[in-house]
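J.: Input file: model21.cif. Contents: mmCIF, C-alpha atoms and all ligand atoms.
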data_coords
#
loop_
_atom_site.group_PDB
_atom_site.id
_atom_site.type_symbol
_atom_site.label_atom_id
_atom_site.label_comp_id
_atom_site.auth_asym_id
_atom_site.auth_seq_id
_atom_site.Cartn_x
_atom_site.Cartn_y
_atom_site.Cartn_z
ATOM 1 C CA MET W 1089 86.853 91.915 98.709
ATOM 2 C CA SER W 1090 86.276 93.465 102.096
ATOM 3 C CA SER W 1091 88.062 91.960 105.055
ATOM 4 C CA LEU W 1092 84.770 91.818 106.947
ATOM 5 C CA ALA W 1093 83.568 89.308 104.403
ATOM 6 C CA ALA W 1094 86.943 87.572 104.524
ATOM 7 C CA LEU W 1095 86.696 86.924 108.239
ATOM 8 C CA LYS W 1096 85.780 83.326 108.827
ATOM 9 C CA PRO W 1097 82.761 82.854 111.119
ATOM 10 C CA ARG W 1098 84.819 80.899 113.662
ATOM 11 C CA GLU W 1099 87.208 83.813 114.071
ATOM 12 C CA SER W 1100 86.087 85.522 117.194
ATOM 13 C CA PHE W 1101 87.604 88.733 118.387
ATOM 14 C CA VAL W 1102 90.157 88.195 121.117
ATOM 15 C CA PRO W 1103 89.604 90.984 123.641
ATOM 16 C CA ALA W 1104 91.931 93.952 123.703
ATOM 17 C CA ILE W 1105 94.760 94.003 126.190
ATOM 18 C CA ARG W 1106 92.911 95.706 129.026
ATOM 19 C CA GLU W 1107 95.875 96.395 131.243
ATOM 20 C CA ASP W 1108 97.412 98.530 128.515
ATOM 21 C CA ALA W 1109 96.821 102.257 128.670
ATOM 22 C CA ILE W 1110 95.909 102.307 124.964
ATOM 23 C CA PRO W 1111 93.601 99.386 124.219
ATOM 24 C CA LEU W 1112 92.915 98.046 120.749
ATOM 25 C CA LEU W 1113 89.196 97.389 120.425
ATOM 26 C CA GLU W 1114 87.302 95.316 117.890
ATOM 27 C CA PRO W 1115 86.028 98.151 115.631
ATOM 28 C CA GLU W 1116 89.590 99.467 115.129
ATOM 29 C CA LEU W 1117 91.015 95.977 114.593
ATOM 30 C CA ARG W 1118 88.363 95.460 111.896
ATOM 31 C CA ARG W 1119 89.244 98.773 110.251
ATOM 32 C CA ILE W 1120 92.941 97.851 110.246
ATOM 33 C CA ALA W 1121 92.087 94.430 108.766
ATOM 34 C CA GLN W 1122 90.012 96.108 106.072
ATOM 35 C CA MET W 1123 92.848 98.486 105.102
ATOM 36 C CA LEU W 1124 95.410 95.669 105.033
ATOM 37 C CA ASP W 1125 93.138 93.612 102.803
ATOM 38 C CA ALA W 1126 92.437 96.536 100.461
ATOM 39 C CA ASP W 1127 96.094 97.583 100.158
ATOM 40 C CA ALA W 1128 97.954 94.278 100.106
ATOM 41 C CA GLY W 1129 95.369 91.471 99.897
ATOM 42 C CA ILE W 1130 96.539 90.321 103.325
ATOM 43 C CA HIS W 1131 94.016 88.537 105.513
ATOM 44 C CA LEU W 1132 94.288 89.564 109.156
ATOM 45 C CA SER W 1133 92.697 87.194 111.628
ATOM 46 C CA MET W 1134 90.605 88.653 114.435
ATOM 47 C CA GLU W 1135 92.635 86.439 116.766
ATOM 48 C CA LYS W 1136 95.740 88.547 116.140
ATOM 49 C CA THR W 1137 94.830 91.391 118.524
ATOM 50 C CA SER W 1138 97.970 91.202 120.630
ATOM 51 C CA LEU W 1139 100.262 90.923 117.611
ATOM 52 C CA VAL W 1140 98.653 93.958 115.952
ATOM 53 C CA HIS W 1141 98.725 95.830 119.241
ATOM 54 C CA SER W 1142 102.396 95.119 119.919
ATOM 55 C CA ARG W 1143 103.467 96.105 116.402
ATOM 56 C CA LEU W 1144 101.367 99.276 116.109
ATOM 57 C CA ILE W 1145 101.661 100.666 119.634
ATOM 58 C CA LYS W 1146 105.191 101.811 118.713
ATOM 59 C CA ARG W 1147 103.763 103.768 115.783
ATOM 60 C CA LEU W 1148 101.117 105.399 118.004
ATOM 61 C CA LYS W 1149 103.747 106.401 120.543
ATOM 62 C CA MET W 1150 105.991 107.817 117.845
ATOM 63 C CA LEU W 1151 103.102 109.894 116.509
ATOM 64 C CA LYS W 1152 102.087 110.851 120.080
ATOM 65 C CA MET W 1153 98.572 109.490 119.567
ATOM 66 C CA ASP W 1154 96.527 108.299 122.510
ATOM 67 C CA SER W 1155 93.990 106.031 120.820
ATOM 68 C CA PHE W 1156 93.760 103.484 118.018
ATOM 69 C CA LYS W 1157 90.634 105.277 116.832
ATOM 70 C CA LYS W 1158 92.674 108.441 116.151
ATOM 71 C CA TYR W 1159 95.370 106.330 114.492
ATOM 72 C CA CYS W 1160 92.794 104.626 112.226
ATOM 73 C CA ASN W 1161 91.227 107.969 111.297
ATOM 74 C CA PHE W 1162 94.691 109.297 110.446
ATOM 75 C CA VAL W 1163 95.836 106.362 108.283
ATOM 76 C CA ASP W 1164 92.446 106.397 106.557
ATOM 77 C CA SER W 1165 92.848 110.077 105.576
ATOM 78 C CA PRO W 1166 94.807 111.654 102.673
ATOM 79 C CA ASP W 1167 97.350 113.092 105.167
ATOM 80 C CA GLY W 1168 98.012 109.630 106.570
ATOM 81 C CA LYS W 1169 99.113 107.971 103.309
ATOM 82 C CA THR W 1170 102.762 107.570 104.336
ATOM 83 C CA GLU W 1171 101.818 106.265 107.760
ATOM 84 C CA ARG W 1172 99.392 103.804 106.156
ATOM 85 C CA ARG W 1173 102.362 102.277 104.328
ATOM 86 C CA GLU W 1174 104.323 102.145 107.592
ATOM 87 C CA MET W 1175 101.349 100.417 109.222
ATOM 88 C CA LEU W 1176 101.243 97.851 106.435
ATOM 89 C CA MET W 1177 104.985 97.198 106.682
ATOM 90 C CA SER W 1178 104.751 96.850 110.475
ATOM 91 C CA LEU W 1179 102.102 94.174 110.053
ATOM 92 C CA THR W 1180 103.731 92.013 107.378
ATOM 93 C CA THR W 1181 105.749 88.944 108.334
ATOM 94 C CA ASN W 1182 109.285 89.064 106.935
ATOM 95 C CA LEU W 1183 110.578 85.742 108.245
ATOM 96 C CA THR W 1184 113.100 84.268 105.808
ATOM 97 C CA ARG W 1185 116.295 82.208 105.633
ATOM 98 C CA PHE W 1186 119.130 81.557 103.207
ATOM 99 C CA PHE W 1187 118.392 78.355 101.264
ATOM 100 C CA ARG W 1188 115.022 77.992 102.989
ATOM 101 C CA GLU W 1189 113.234 74.869 101.696
ATOM 102 C CA ALA W 1190 116.446 73.363 100.341
ATOM 103 C CA HIS W 1191 114.629 71.031 97.921
ATOM 104 C CA HIS W 1192 113.842 74.033 95.692
ATOM 105 C CA PHE W 1193 117.541 74.852 95.376
ATOM 106 C CA GLU W 1194 118.318 71.196 94.610
ATOM 107 C CA HIS W 1195 115.699 71.346 91.859
ATOM 108 C CA LEU W 1196 117.280 74.558 90.548
ATOM 109 C CA VAL W 1197 120.709 72.891 90.395
ATOM 110 C CA LYS W 1198 119.571 69.627 88.837
ATOM 111 C CA GLU W 1199 116.626 70.568 86.621
ATOM 112 C CA ALA W 1200 115.761 74.198 86.106
ATOM 113 C CA LEU W 1201 119.052 76.067 85.755
ATOM 114 C CA PRO W 1202 121.374 73.875 83.608
ATOM 115 C CA PRO W 1203 119.361 74.277 80.353
ATOM 116 C CA LEU W 1204 118.728 77.969 81.068
ATOM 117 C CA LEU W 1205 122.408 78.702 81.684
ATOM 118 C CA GLU W 1206 123.285 76.934 78.431
ATOM 119 C CA ARG W 1207 120.819 79.238 76.664
ATOM 120 C CA ALA W 1208 122.343 82.260 78.441
ATOM 121 C CA LYS W 1209 125.762 81.262 77.077
ATOM 122 C CA LYS W 1210 124.262 81.419 73.585
ATOM 123 C CA GLY W 1211 123.134 84.989 74.233
ATOM 124 C CA GLU W 1212 119.551 84.448 75.440
ATOM 125 C CA ARG W 1213 117.964 86.606 78.099
ATOM 126 C CA ILE W 1214 117.316 84.727 81.356
ATOM 127 C CA ARG W 1215 115.055 86.242 84.012
ATOM 128 C CA ILE W 1216 114.194 84.959 87.481
ATOM 129 C CA TRP W 1217 111.761 86.641 89.868
ATOM 130 C CA SER W 1218 111.861 86.368 93.644
ATOM 131 C CA ALA W 1219 108.408 87.794 94.457
ATOM 132 C CA GLY W 1220 108.072 88.672 98.150
ATOM 133 C CA CYS W 1221 111.839 88.451 98.682
ATOM 134 C CA SER W 1222 111.886 89.890 102.233
ATOM 135 C CA ASN W 1223 115.402 91.130 103.122
ATOM 136 C CA GLY W 1224 117.112 89.416 100.204
ATOM 137 C CA GLN W 1225 118.135 86.023 101.562
ATOM 138 C CA GLU W 1226 116.039 84.229 98.926
ATOM 139 C CA PRO W 1227 117.415 86.077 95.850
ATOM 140 C CA TYR W 1228 120.993 85.911 97.203
ATOM 141 C CA SER W 1229 120.561 82.138 97.614
ATOM 142 C CA ILE W 1230 119.483 81.932 93.957
ATOM 143 C CA ALA W 1231 122.418 84.144 92.892
ATOM 144 C CA ALA W 1232 124.900 81.970 94.830
ATOM 145 C CA ILE W 1233 123.559 78.860 93.068
ATOM 146 C CA ILE W 1234 123.796 80.520 89.646
ATOM 147 C CA LEU W 1235 127.402 81.590 90.302
ATOM 148 C CA SER W 1236 128.365 78.141 91.539
ATOM 149 C CA LEU W 1237 127.033 76.634 88.280
ATOM 150 C CA LEU W 1238 128.314 79.427 86.034
ATOM 151 C CA PRO W 1239 131.081 81.517 87.703
ATOM 152 C CA GLU W 1240 131.123 83.958 84.772
ATOM 153 C CA ALA W 1241 127.318 84.509 84.973
ATOM 154 C CA ASN W 1242 127.841 88.277 85.169
ATOM 155 C CA ASN W 1243 129.064 88.244 81.568
ATOM 156 C CA TYR W 1244 125.665 87.077 80.319
ATOM 157 C CA ASP W 1245 122.141 88.497 80.217
ATOM 158 C CA ILE W 1246 121.032 86.873 83.478
ATOM 159 C CA LYS W 1247 119.061 88.867 86.062
ATOM 160 C CA ILE W 1248 117.073 88.207 89.204
ATOM 161 C CA LEU W 1249 114.257 90.615 90.029
ATOM 162 C CA ALA W 1250 113.814 90.700 93.816
ATOM 163 C CA SER W 1251 110.615 92.475 94.852
ATOM 164 C CA ASP W 1252 108.743 93.122 98.064
ATOM 165 C CA ILE W 1253 106.017 95.471 99.264
ATOM 166 C CA ASP W 1254 108.198 96.494 102.216
ATOM 167 C CA CYS W 1255 110.682 99.260 101.304
ATOM 168 C CA HIS W 1256 112.742 98.531 104.452
ATOM 169 C CA MET W 1257 113.276 94.956 103.215
ATOM 170 C CA ILE W 1258 114.258 96.239 99.765
ATOM 171 C CA ALA W 1259 116.785 98.639 101.322
ATOM 172 C CA HIS W 1260 118.243 95.767 103.375
ATOM 173 C CA GLY W 1261 118.522 93.586 100.273
ATOM 174 C CA ASN W 1262 120.275 96.373 98.388
ATOM 175 C CA ARG W 1263 122.805 96.792 101.207
ATOM 176 C CA GLY W 1264 123.354 93.030 101.244
ATOM 177 C CA LEU W 1265 124.625 93.042 104.845
ATOM 178 C CA TYR W 1266 123.796 90.144 107.166
ATOM 179 C CA ALA W 1267 124.765 89.281 110.736
ATOM 180 C CA GLU W 1268 127.074 86.344 111.390
ATOM 181 C CA SER W 1269 124.259 84.445 113.163
ATOM 182 C CA ILE W 1270 122.323 84.482 109.871
ATOM 183 C CA ILE W 1271 125.201 83.714 107.530
ATOM 184 C CA GLU W 1272 126.672 80.894 109.595
ATOM 185 C CA LYS W 1273 123.721 78.645 108.688
ATOM 186 C CA MET W 1274 124.841 78.724 105.065
ATOM 187 C CA PRO W 1275 127.153 75.981 103.696
ATOM 188 C CA ALA W 1276 130.742 77.097 104.501
ATOM 189 C CA GLU W 1277 131.894 76.879 100.893
ATOM 190 C CA LEU W 1278 129.181 79.248 99.640
ATOM 191 C CA ARG W 1279 129.693 81.605 102.568
ATOM 192 C CA THR W 1280 133.402 82.096 101.982
ATOM 193 C CA LYS W 1281 132.953 82.350 98.239
ATOM 194 C CA HIS W 1282 130.130 84.866 98.160
ATOM 195 C CA PHE W 1283 130.335 86.928 101.371
ATOM 196 C CA GLU W 1284 133.001 89.141 102.866
ATOM 197 C CA LEU W 1285 133.335 90.114 106.531
ATOM 198 C CA VAL W 1286 133.171 93.924 106.788
ATOM 199 C CA ASP W 1287 133.145 96.560 109.548
ATOM 200 C CA THR W 1288 129.885 98.509 109.787
ATOM 201 C CA PRO W 1289 128.508 100.988 112.373
ATOM 202 C CA ASP W 1290 126.532 97.988 113.724
ATOM 203 C CA GLY W 1291 129.641 95.851 114.134
ATOM 204 C CA LYS W 1292 131.077 93.140 111.924
ATOM 205 C CA MET W 1293 128.707 91.946 109.213
ATOM 206 C CA TYR W 1294 128.875 89.762 106.142
ATOM 207 C CA GLU W 1295 128.405 91.588 102.857
ATOM 208 C CA ALA W 1296 127.214 89.910 99.660
ATOM 209 C CA SER W 1297 129.830 89.920 96.900
ATOM 210 C CA HIS W 1298 129.709 92.425 94.070
ATOM 211 C CA LYS W 1299 129.154 89.527 91.652
ATOM 212 C CA MET W 1300 126.003 88.486 93.511
ATOM 213 C CA LYS W 1301 124.733 92.047 93.922
ATOM 214 C CA SER W 1302 125.070 92.779 90.240
ATOM 215 C CA LEU W 1303 122.897 89.780 89.335
ATOM 216 C CA ILE W 1304 119.994 91.139 91.412
ATOM 217 C CA SER W 1305 117.711 94.174 91.001
ATOM 218 C CA PHE W 1306 115.755 94.955 94.169
ATOM 219 C CA ARG W 1307 112.424 96.735 93.588
ATOM 220 C CA GLU W 1308 109.477 97.726 95.733
ATOM 221 C CA LEU W 1309 106.370 96.060 94.281
ATOM 222 C CA ASN W 1310 102.909 95.295 95.640
ATOM 223 C CA LEU W 1311 101.778 91.948 94.232
ATOM 224 C CA ASN W 1312 98.218 93.122 94.758
ATOM 225 C CA ALA W 1313 98.664 96.239 92.581
ATOM 226 C CA PRO W 1314 96.382 96.280 89.517
ATOM 227 C CA ARG W 1315 99.402 96.459 87.188
ATOM 228 C CA TRP W 1316 103.000 95.289 87.491
ATOM 229 C CA PRO W 1317 105.721 97.393 85.862
ATOM 230 C CA MET W 1318 107.689 94.535 84.244
ATOM 231 C CA ARG W 1319 107.435 94.148 80.486
ATOM 232 C CA GLY W 1320 109.423 90.964 79.900
ATOM 233 C CA LYS W 1321 108.560 87.474 81.090
ATOM 234 C CA PHE W 1322 110.409 85.162 83.470
ATOM 235 C CA GLN W 1323 111.664 81.595 83.097
ATOM 236 C CA ILE W 1324 111.466 81.057 86.874
ATOM 237 C CA ILE W 1325 109.296 82.613 89.581
ATOM 238 C CA PHE W 1326 109.831 82.091 93.299
ATOM 239 C CA CYS W 1327 106.832 83.194 95.372
ATOM 240 C CA ARG W 1328 107.225 81.368 98.644
ATOM 241 C CA ASN W 1329 105.545 81.938 101.984
ATOM 242 C CA VAL W 1330 103.818 85.069 100.712
ATOM 243 C CA VAL W 1331 100.334 84.077 99.491
ATOM 244 C CA ILE W 1332 99.752 82.144 102.711
ATOM 245 C CA TYR W 1333 98.897 85.551 104.228
ATOM 246 C CA PHE W 1334 96.457 86.454 101.416
ATOM 247 C CA ASN W 1335 92.748 85.763 101.248
ATOM 248 C CA LEU W 1336 91.683 83.002 98.854
ATOM 249 C CA GLU W 1337 90.360 85.333 96.125
ATOM 250 C CA THR W 1338 93.680 87.210 96.015
ATOM 251 C CA GLN W 1339 95.572 83.897 95.790
ATOM 252 C CA VAL W 1340 93.495 82.683 92.819
ATOM 253 C CA VAL W 1341 94.071 85.961 90.947
ATOM 254 C CA LEU W 1342 97.786 85.901 91.736
ATOM 255 C CA TRP W 1343 98.404 82.365 90.403
ATOM 256 C CA GLU W 1344 96.762 83.416 87.150
ATOM 257 C CA ARG W 1345 98.916 86.558 86.966
ATOM 258 C CA PHE W 1346 102.095 84.545 87.607
ATOM 259 C CA LYS W 1347 101.097 82.254 84.765
ATOM 260 C CA GLN W 1348 100.836 85.303 82.466
ATOM 261 C CA GLN W 1349 104.271 86.459 83.621
ATOM 262 C CA LEU W 1350 106.021 83.121 82.955
ATOM 263 C CA CYS W 1351 107.331 81.994 79.611
ATOM 264 C CA GLY W 1352 106.815 78.317 78.918
ATOM 265 C CA PRO W 1353 107.871 75.862 80.150
ATOM 266 C CA GLY W 1354 108.755 78.030 83.166
ATOM 267 C CA TYR W 1355 108.883 77.018 86.807
ATOM 268 C CA LEU W 1356 106.919 78.367 89.760
ATOM 269 C CA TYR W 1357 108.211 77.596 93.268
ATOM 270 C CA ILE W 1358 105.776 78.128 96.150
ATOM 271 C CA GLY W 1359 105.972 77.779 99.949
ATOM 272 C CA HIS W 1360 105.601 74.508 101.857
ATOM 273 C CA SER W 1361 102.105 75.309 103.140
ATOM 274 C CA GLU W 1362 100.790 76.865 99.926
ATOM 275 C CA ARG W 1363 98.778 75.253 97.119
ATOM 276 C CA LEU W 1364 97.801 76.358 93.629
ATOM 277 C CA THR W 1365 94.073 77.061 93.442
ATOM 278 C CA GLY W 1366 91.569 78.124 90.787
ATOM 279 C CA PRO W 1367 91.946 77.905 86.986
ATOM 280 C CA ALA W 1368 95.784 78.022 87.186
ATOM 281 C CA VAL W 1369 95.793 74.459 88.566
ATOM 282 C CA ASP W 1370 95.117 73.063 85.071
ATOM 283 C CA LEU W 1371 97.905 75.096 83.483
ATOM 284 C CA PHE W 1372 100.735 73.819 85.672
ATOM 285 C CA GLU W 1373 102.171 70.376 86.289
ATOM 286 C CA ASN W 1374 103.331 69.555 89.811
ATOM 287 C CA VAL W 1375 106.859 68.307 88.982
ATOM 288 C CA ALA W 1376 108.364 68.184 92.498
ATOM 289 C CA THR W 1377 107.420 69.225 96.033
ATOM 290 C CA THR W 1378 105.697 72.638 95.753
ATOM 291 C CA THR W 1379 107.372 73.044 92.354
ATOM 292 C CA TYR W 1380 105.202 73.666 89.306
ATOM 293 C CA GLN W 1381 105.981 73.803 85.611
ATOM 294 C CA LEU W 1382 103.888 75.716 83.120
ATOM 295 C CA THR W 1383 102.446 73.226 80.665
ATOM 296 C CA SER W 1384 99.793 75.264 78.888
ATOM 297 C CA LEU W 1385 100.461 78.510 77.072
ATOM 298 C CA LYS W 1386 96.731 79.315 76.802
HETATM 299 C C1 LIG J 1401 107.392 85.432 105.123
HETATM 300 S S1 LIG J 1401 108.222 86.482 103.970
HETATM 301 C C2 LIG J 1401 108.798 85.280 102.794
HETATM 302 C C3 LIG J 1401 110.178 85.623 102.261
HETATM 303 C C4 LIG J 1401 110.775 84.598 101.292
HETATM 304 N N1 LIG J 1401 109.974 84.470 100.097
HETATM 305 C C5 LIG J 1401 110.970 83.266 101.968
HETATM 306 O O1 LIG J 1401 110.205 82.326 101.702
HETATM 307 O O2 LIG J 1401 111.885 83.135 102.785
HETATM 308 C C6 LIG J 1401 106.822 87.232 103.125
HETATM 309 C C7 LIG J 1401 107.179 88.526 102.398
HETATM 310 O O3 LIG J 1401 106.082 88.887 101.550
HETATM 311 C C8 LIG J 1401 105.969 90.299 101.551
HETATM 312 N N2 LIG J 1401 104.606 90.684 101.134
HETATM 313 C C9 LIG J 1401 103.457 90.600 101.834
HETATM 314 N N3 LIG J 1401 102.429 91.087 101.129
HETATM 315 C C10 LIG J 1401 102.938 91.480 99.935
HETATM 316 C C11 LIG J 1401 102.374 92.071 98.770
HETATM 317 N N4 LIG J 1401 101.065 92.347 98.686
HETATM 318 N N5 LIG J 1401 103.197 92.347 97.736
HETATM 319 C C12 LIG J 1401 104.519 92.065 97.810
HETATM 320 N N6 LIG J 1401 105.115 91.513 98.881
HETATM 321 C C13 LIG J 1401 104.332 91.222 99.935
HETATM 322 C C14 LIG J 1401 106.295 90.703 102.978
HETATM 323 O O4 LIG J 1401 106.707 92.052 103.069
HETATM 324 C C15 LIG J 1401 107.399 89.701 103.336
HETATM 325 O O5 LIG J 1401 108.679 90.240 103.158
#
Is it possible to give me this structure as structure tokens?
Ligand SMILES: C[S@@+](CC[C@H](N)C(=O)[O-])C[C@H]1O[C@@H](n2cnc3c(N)ncnc32)[C@H](O)[C@@H]1O
T.:
Amino acid sequence: MSSLAALKPRESFVPAIREDAIPLLEPELRRIAQMLDADAGIHLSMEKTSLVHSRLIKRLKMLKMDSFKKYCNFVDSPDGKTERREMLMSLTTNLTRFFREAHHFEHLVKEALPPLLERAKKGERIRIWSAGCSNGQEPYSIAAIILSLLPEANNYDIKILASDIDCHMIAHGNRGLYAESIIEKMPAELRTKHFELVDTPDGKMYEASHKMKSLISFRELNLNAPRWPMRGKFQIIFCRNVVIYFNLETQVVLWERFKQQLCGPGYLYIGHSERLTGPAVDLFENVATTTYQLTSLK
């Protein structure tokens, strides 16, 4: 669906920043919104002029371009494919936190993981997907919980797929390095068990343990792509604080695709301000706060 159609009538264009030497005007903001919608399903509000301006002006300066019109023409051309991806990544929101929305991790510990880990011990394949994982704090939180319940988890067929559209986030997740200010919010016991203080060119950082890293595969993946590369299904899917940025049509399609990707009676964890919509609603039972269990295998 085109982003022009996606724009709600009440969304009026907030004028470009006039004092800036390179203003962002409404036609270019609409073109950017259209490209973001087409590529990632992300809905960009017309009220976000200053945010878009502040994030993209750096790209224009780097490319030595003096207008957003030239920038739009470039990213809309075959030569601008790589820059179009950079534009998309500059405009996504990567906010995340270790153990964000703690009730999901409590549910993992008490309900979802114990039976799955028992099955893993009997040789079954257990797969968990962190879809829209940002810089890895969500999948590392899941890995830490798995290792606290089953310290020898690496000996079994247990894997977490951590995917994001943003290759910079995937690279960060793969490195597994986090600043002290980020790590210190984690419970002390988990921090000392699963992270090691290391020297890096950027100063002292905490690095995720080898045990945690080897439970996770980080992959670049656009949830809005017509096909996903995974063949097997998942027992658990985390997709939190991602679809909130998508238009409604994209959300409805995505819930249905997650249902296809789950094996029953799998769990789907979504963000605090997200809701299941469309036909998928009847296929899941709401078993805890923003926690859904697949009930129908139709
Ligand atoms: C706000 S973060 C949420 C991170 C994590 N799930 C959490 O709740 O802490 C949203 C993430 O979704 C990713 N994202 C946005 N659109 C996407 C798409 N079409 N496909 C895959 N990931 C996408 C962004 O790059 C970003 O890292």
J.: I need the residue nearest ligand LIG 1401 (chain J) from this list: W:Glu1116, W:Glu1189, W:Glu1174, W:Glu1212. Use all atoms listed in the file for the distance.
T.: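 Closest residue, counting all atoms listed in the file: W:Glu1189.
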J.: Within 6 Å of ligand LIG 1401 (chain J), counting all atoms listed in the file, which protein or nucleic acid residues do you find, written as JSON, numbers by chain?
T.: {"W": [1128, 1129, 1180, 1181, 1182, 1183, 1184, 1185, 1220, 1221, 1222, 1226, 1252, 1253, 1254, 1309, 1310, 1311, 1312, 1327, 1328, 1329, 1330]}
J.: Grab the residues selected above and save them as an mmCIF file, in the coordinates of the input with C-alpha atoms.
T.:
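To be explicit, this is the file written out as again24.cif:
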data_model
loop_
_atom_site.group_PDB
_atom_site.id
_atom_site.type_symbol
_atom_site.label_atom_id
_atom_site.label_comp_id
_atom_site.auth_asym_id
_atom_site.auth_seq_id
_atom_site.Cartn_x
_atom_site.Cartn_y
_atom_site.Cartn_z
ATOM 1 C CA ALA W 1128 97.954 94.278 100.106
ATOM 2 C CA GLY W 1129 95.369 91.471 99.897
ATOM 3 C CA THR W 1180 103.731 92.013 107.378
ATOM 4 C CA THR W 1181 105.749 88.944 108.334
ATOM 5 C CA ASN W 1182 109.285 89.064 106.935
ATOM 6 C CA LEU W 1183 110.578 85.742 108.245
ATOM 7 C CA THR W 1184 113.100 84.268 105.808
ATOM 8 C CA ARG W 1185 116.295 82.208 105.633
ATOM 9 C CA GLY W 1220 108.072 88.672 98.150
ATOM 10 C CA CYS W 1221 111.839 88.451 98.682
ATOM 11 C CA SER W 1222 111.886 89.890 102.233
ATOM 12 C CA GLU W 1226 116.039 84.229 98.926
ATOM 13 C CA ASP W 1252 108.743 93.122 98.064
ATOM 14 C CA ILE W 1253 106.017 95.471 99.264
ATOM 15 C CA ASP W 1254 108.198 96.494 102.216
ATOM 16 C CA LEU W 1309 106.370 96.060 94.281
ATOM 17 C CA ASN W 1310 102.909 95.295 95.640
ATOM 18 C CA LEU W 1311 101.778 91.948 94.232
ATOM 19 C CA ASN W 1312 98.218 93.122 94.758
ATOM 20 C CA CYS W 1327 106.832 83.194 95.372
ATOM 21 C CA ARG W 1328 107.225 81.368 98.644
ATOM 22 C CA ASN W 1329 105.545 81.938 101.984
ATOM 23 C CA VAL W 1330 103.818 85.069 100.712
#
J.: Would you list the contacts of Cys1255 (chain W) as an NGL selection string, taking every protein, DNA or RNA residue within 7 Å and counting only C-alpha atoms, but skipping same-chain residues closer than 3 positions in sequence?
T.: :W and (1258-1259 or 1308)
J.: Using all atoms listed in the file, can you list as a ChimeraX atom specification the residues within 12 Å of (95.6, 95.8, 104.1)?
T.: /W:1089-1092,1094,1117-1133,1163-1164,1172-1180,1253,1310,1312-1313,1333-1335,1338
J.: Just the number, please: distance in Å from CA of Cys1160 (chain W) to CA of Leu1148 (chain W), one decimal.
T.: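 Pair CA of Cys1160 (chain W) / CA of Leu1148 (chain W) returns 10.2 Å.
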J.: Report, in Å to a single decimal, how far apart CA of Phe1346 (chain W) and CA of Phe1186 (chain W) are.
T.: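 CA of Phe1346 (chain W) lies 23.3 Å from CA of Phe1186 (chain W).
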J.: On this structure, which residues satisfy the PyMOL selection byres (((chain W and resi 1157) around 9) and not hetatm), written as a list in words?
T.: Leu1112, Leu1113, Pro1115, Glu1116, Asp1154, Ser1155, Phe1156, Lys1158, Tyr1159, Cys1160, Asn1161 and Phe1162 of chain W
J.: For Arg1319 (chain W), work out the shell of residues within 12 Å, counting all atoms listed in the file and skipping chain neighbours fewer than 4 positions away, then give it as an MDAnalysis selection string.
T.: chainID W and resid 1215 1315 1348:1350
J.: Closest to Gln1339 (chain W) among W:Glu1135, W:Phe1306, W:Tyr1357, W:Glu1362, using all atoms listed in the file?
T.: W:Glu1362
J.: Quote the spacing between CA of Leu1201 (chain W) and CA of Thr1280 (chain W) in Å to one decimal place.
T.: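 Interatomic distance here is 22.5 Å.
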J.: For a quick check of understanding, using only C-alpha atoms, which of W:Lys1146, W:Arg1363, W:Lys1299, W:His1195 has the smallest distance to Gly1264 (chain W)?
T.: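 Comparing W:Lys1146, W:Arg1363, W:Lys1299, W:His1195 against Gly1264 (chain W), the winner is W:Lys1299.
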J.: Can you pull out the residues contacting Lys1247 (chain W)? Cut-off 10 Å, using all atoms listed in the file, and skip same-chain residues under 3 positions away; I want them as a VMD selection string.
T.: chain W and resid 1213 to 1217 1231 1241 to 1242 1244 1250 1302 to 1305 1322
J.: Calculated over all atoms listed in the file, which of the candidates W:Pro1367, W:Gly1224, W:Gly1354, W:Gly1359 has the smallest distance to Ala1200 (chain W)?
T.: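 Once distances to Ala1200 (chain W) are computed over all atoms listed in the file, the minimum belongs to W:Gly1354.
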J.: Which residue gives the smallest distance to Gln1381 (chain W) among W:Leu1139, W:Ile1325, W:Leu1356, W:Met1257, with only C-alpha atoms counted?
T.: W:Leu1356
J.: Which protein, DNA or RNA residues are at most 10 Å from (127.1, 85.2, 108.1) in the file's coordinates when you count only C-alpha atoms, listed as a list in words?
T.: Leu1265, Tyr1266, Ala1267, Glu1268, Ser1269, Ile1270, Ile1271, Glu1272, Lys1273, Met1274, Ala1276, Arg1279, Thr1280, Phe1283, Glu1284, Leu1285, Lys1292, Met1293, Tyr1294, Glu1295 and Ala1296 of chain W
J.: Because the input lacks atoms here, generate N, CA and C atoms for region 1352-1357 of chain W and report them as a JSON list (two decimals), in the coordinates of the input.
T.:
[["chain", "number", "residue", "atom", "x", "y", "z"],
["W", 1352, "GLY", "N", 106.84, 79.78, 78.83],
["W", 1352, "GLY", "CA", 106.82, 78.32, 78.92],
["W", 1352, "GLY", "C", 108.13, 77.72, 78.50],
["W", 1353, "PRO", "N", 108.51, 76.59, 79.05],
["W", 1353, "PRO", "CA", 107.87, 75.86, 80.15],
["W", 1353, "PRO", "C", 108.50, 76.27, 81.49],
["W", 1354, "GLY", "N", 108.12, 77.45, 81.97],
["W", 1354, "GLY", "CA", 108.76, 78.03, 83.17],
["W", 1354, "GLY", "C", 108.35, 77.34, 84.46],
["W", 1355, "TYR", "N", 109.13, 77.64, 85.50],
["W", 1355, "TYR", "CA", 108.88, 77.02, 86.81],
["W", 1355, "TYR", "C", 108.34, 78.03, 87.81],
["W", 1356, "LEU", "N", 107.44, 77.57, 88.65],
["W", 1356, "LEU", "CA", 106.92, 78.37, 89.76],
["W", 1356, "LEU", "C", 107.17, 77.60, 91.05],
["W", 1357, "TYR", "N", 107.92, 78.22, 91.97],
["W", 1357, "TYR", "CA", 108.21, 77.60, 93.27],
["W", 1357, "TYR", "C", 107.37, 78.30, 94.33]]
